[in-house]
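Structure first, then comments.
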Amino acid sequence: RPVGRTDKFSKTMCRLLGNKLTFSGNHSGGSPCSRHARSLNFTSVELCCVAFLFFLIAHSFGRRILYPGSVYLLQRAMRPMLQQGQARLIEECEGQRNKLVACDGNEIDTMFVDRRREEGLHGQTLVICCEGNAGFYEVGCMNTPLEGGYSVLGWNHPGFAGSTGVPFPQNEANAMDVVIQFAVHKLGFQLSDIVVYAWSIGGFTASWAVMSYPEIQALVLDASFDDLLPLALKVMPDSWRPLVTHTVRQYMNLNSAEQLCKYQGPVLLIRRTKDEIITTTGPEDIMSNRGNNLLLKLLQFRYPKVMTDDGVRAVRAWLAASNPVEEAAVYSSYEVDDDWCVSVLQSYKTERDVFFPWSVGKTGRRQLALFLVRNNFIFHCPPPSTT
């Protein structure tokens, strides 16, 4: 299952016309990438040098900046903490550690905690956790579903701690694939019993999972973004824009929103306030949080008639609220009737039972848009504590 490129961009990434190399295609948000393109005249030797430069950037500091958890020095510094976390999962939670071999030969280190024999219904549901770019299952987001009484399967990115390889998009997808196959064929869970929970950059593998296995029960994305390119451009000089655009699209195209829109199941998005990582201006500018873009793209795909200009404006007004009081004020100013919204959506689903996108929304677009945002998709939470 090839990953990492949009259909349009993979067809128009670069064209060689004589000795001229022209970059074109689409970037995040659907705007033509040719707006930032540069046509450079090269000899054949120079062309090879430029192609090698892109490759070198991606495979050297580019990959390490994107996935600092794969850097040896960081892993060495965290080794005592990782060993303690692994021991706790095995001794206190009766975790089972397994090494899985992906189709590319990488060994993926996993930890499984089985709660099916305990009382309660949550144990019958398996939560697969996808960590962030410096996260490890030993000290990562596994704790959240464990505290809820769920069965949990954590895994480390290729090149992280006990996993081998390097965390490029295709390797990431291969790792996610073997984790799901292990959950189904060895652990005995049905796809409909699996929920995928991802933190930050883990949203890429999580969205790939639900796109490739649409029978998965649900998806939870915490502090995730829609597309890597805007975040990469934020930290690089503006003069590097064409270089960064091509390198990201060719080697590190984490197009989570595009993958997410191919999933028909329930989705919960969690946006963290004052997020320093996935904002394009600063943590205080909540509207620059790329989680907003992820939400808007999902809503625009699933409810195109609701998310017209009026609906988008209403959603943006709600997203701009910095606290629950402001959110409630926006919600009430549009006079949203929750009961009416529920009846409209339930009636449409009952009468048609169709896949997304839905054509609901001929009336009350702004009210429906705010209802969908507030009740189905996104919550405001403080940043996670340092502990």
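Chain labels run A, B, ... following the order of the structure tokens; each chain numbers its residues from 1, and ligands are numbered from 1 in the order shown.
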
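In the backbone-derived DSSP annotation, strand (DSSP E or B) within stretch 200-358 of chain A comprises Ala218, Leu219, Val220, Leu221, Asp222, Val267, Leu268, Leu269, Ile270, Arg271, Arg272, Thr279 and Asn289 of chain A.
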
What does the file look like for those residues with N, CA and C atoms, as a short mmCIF file (atom, residue, chain, number, x, y, z; two decimals), in the first residue's frame?
data_model
loop_
_atom_site.label_atom_id
_atom_site.label_comp_id
_atom_site.auth_asym_id
_atom_site.auth_seq_id
_atom_site.Cartn_x
_atom_site.Cartn_y
_atom_site.Cartn_z
N ALA A 218 -13.19 3.06 15.43
CA ALA A 218 -13.16 4.51 15.61
C ALA A 218 -11.72 4.99 15.63
N LEU A 219 -11.58 6.31 15.51
CA LEU A 219 -10.26 6.94 15.47
C LEU A 219 -10.26 8.15 16.40
N VAL A 220 -9.21 8.29 17.21
CA VAL A 220 -9.02 9.45 18.08
C VAL A 220 -7.67 10.06 17.74
N LEU A 221 -7.68 11.33 17.33
CA LEU A 221 -6.45 12.04 17.00
C LEU A 221 -6.24 13.17 18.00
N ASP A 222 -5.15 13.12 18.72
CA ASP A 222 -4.85 14.08 19.78
C ASP A 222 -3.67 14.94 19.34
N VAL A 267 -14.88 9.76 14.25
CA VAL A 267 -13.60 10.43 14.45
C VAL A 267 -13.74 11.44 15.58
N LEU A 268 -12.78 11.44 16.49
CA LEU A 268 -12.71 12.46 17.54
C LEU A 268 -11.37 13.17 17.41
N LEU A 269 -11.42 14.48 17.26
CA LEU A 269 -10.21 15.30 17.20
C LEU A 269 -10.06 16.07 18.50
N ILE A 270 -8.87 16.09 19.05
CA ILE A 270 -8.59 16.82 20.28
C ILE A 270 -7.54 17.89 19.96
N ARG A 271 -7.90 19.14 20.19
CA ARG A 271 -6.96 20.24 19.96
C ARG A 271 -6.42 20.74 21.29
N ARG A 272 -5.12 20.87 21.36
CA ARG A 272 -4.46 21.36 22.57
C ARG A 272 -4.26 22.86 22.48
N THR A 279 1.45 24.75 15.54
CA THR A 279 0.99 26.09 15.14
C THR A 279 2.01 26.69 14.18
N ASN A 289 -3.25 26.84 14.62
CA ASN A 289 -3.12 25.42 14.95
C ASN A 289 -3.61 24.58 13.78
#

ask   = Quick one: distance from atom CA of A:Pro158 to atom CA of A:Asn255 in Å, one decimal?
value =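 Interatomic distance here is 18.8 Å.
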
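Note that atom CA of A:Lys274 and atom CA of A:Val306 are 28.8 Å apart.
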
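Each of A:Asp337, A:Glu172, A:Glu215, A:Asp309 was compared to A:Asp193 using only C-alpha atoms, and A:Glu215 turns out to be the nearest.
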
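Between atom CA of A:Arg63 and atom CA of A:Gly159 the separation is 11.1 Å.
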
task = Kindly indicate which residue among A:Met176, A:Pro237, A:Thr247, A:Ala102 lies nearest to A:Ala51, using only C-alpha atoms for the distances.
result = A:Thr247

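For the residues A:Ala257, A:Val166, A:Val101, A:Val152, ranking by smallest atom-to-atom distance to A:Tyr67 using only C-alpha atoms places A:Val166 first.
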
message = Please return, as a ChimeraX atom specification, all residues of stretch 97-214 of chain A that DSSP assigns to alpha helix (DSSP H) on the basis of the backbone.
response = /A:143-147,169-185,202-212

Could you write those residues out with C-alpha atoms, as a PDB file, in the first residue's frame?
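Saved file part_18.pdb follows:
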ATOM      1  CA  ASN A 143      -1.355   5.133  29.901  1.00  0.00           C
ATOM      2  CA  THR A 144      -4.550   6.933  28.889  1.00  0.00           C
ATOM      3  CA  PRO A 145      -6.502   3.880  27.576  1.00  0.00           C
ATOM      4  CA  LEU A 146      -4.935   1.672  30.274  1.00  0.00           C
ATOM      5  CA  GLU A 147      -6.471   3.882  32.940  1.00  0.00           C
ATOM      6  CA  PRO A 169       6.310   7.327   5.495  1.00  0.00           C
ATOM      7  CA  GLN A 170       6.327   3.956   3.742  1.00  0.00           C
ATOM      8  CA  ASN A 171       8.188   2.325   6.621  1.00  0.00           C
ATOM      9  CA  GLU A 172       5.711   3.869   9.034  1.00  0.00           C
ATOM     10  CA  ALA A 173       2.795   2.444   7.057  1.00  0.00           C
ATOM     11  CA  ASN A 174       4.446  -0.977   6.894  1.00  0.00           C
ATOM     12  CA  ALA A 175       4.893  -0.921  10.671  1.00  0.00           C
ATOM     13  CA  MET A 176       1.258   0.051  11.230  1.00  0.00           C
ATOM     14  CA  ASP A 177       0.175  -2.711   8.868  1.00  0.00           C
ATOM     15  CA  VAL A 178       2.017  -5.480  10.696  1.00  0.00           C
ATOM     16  CA  VAL A 179       0.726  -4.190  14.060  1.00  0.00           C
ATOM     17  CA  ILE A 180      -2.878  -4.461  12.831  1.00  0.00           C
ATOM     18  CA  GLN A 181      -2.251  -7.892  11.309  1.00  0.00           C
ATOM     19  CA  PHE A 182      -0.795  -9.021  14.638  1.00  0.00           C
ATOM     20  CA  ALA A 183      -3.819  -7.688  16.535  1.00  0.00           C
ATOM     21  CA  VAL A 184      -6.231  -9.551  14.274  1.00  0.00           C
ATOM     22  CA  HIS A 185      -4.465 -12.830  13.498  1.00  0.00           C
ATOM     23  CA  GLY A 202       1.165   9.515  15.009  1.00  0.00           C
ATOM     24  CA  GLY A 203      -1.933  10.832  13.257  1.00  0.00           C
ATOM     25  CA  PHE A 204      -0.289   9.938   9.946  1.00  0.00           C
ATOM     26  CA  THR A 205      -0.045   6.214  10.674  1.00  0.00           C
ATOM     27  CA  ALA A 206      -3.419   6.278  12.436  1.00  0.00           C
ATOM     28  CA  SER A 207      -5.169   7.863   9.446  1.00  0.00           C
ATOM     29  CA  TRP A 208      -3.399   5.384   7.169  1.00  0.00           C
ATOM     30  CA  ALA A 209      -4.708   2.546   9.333  1.00  0.00           C
ATOM     31  CA  VAL A 210      -8.364   3.572   9.157  1.00  0.00           C
ATOM     32  CA  MET A 211      -8.051   4.343   5.443  1.00  0.00           C
ATOM     33  CA  SER A 212      -6.598   0.887   4.757  1.00  0.00           C
TER      34      SER A 212
END

Counting only C-alpha atoms, the residue of A:Ala321, A:Met78, A:Leu229, A:Met287 that sits nearest A:Pro242 = A:Leu229

request  = Identify, on the basis of only C-alpha atoms, every residue whose closest approach to stretch 344-361 of chain A does not exceed 8 Å; exclude the query and any residue fewer than 3 positions from it along the same chain; express the result as a ChimeraX atom specification.
outcome  = /A:264,301-306,340-341,364-365,368

key: Test item: residues at most 12 Å from A:Arg79, only C-alpha atoms, excluding those fewer than 4 positions along its chain, as a PyMOL selection string   = chain A and resi 69+72-75+83-86+136+138-139+160-162

query = Could you name the residues that touch A:Asn133 at 10 Å or less, counting only C-alpha atoms, but leaving out those on the same chain fewer than 2 positions away, as a count of residues only?
reply = 18
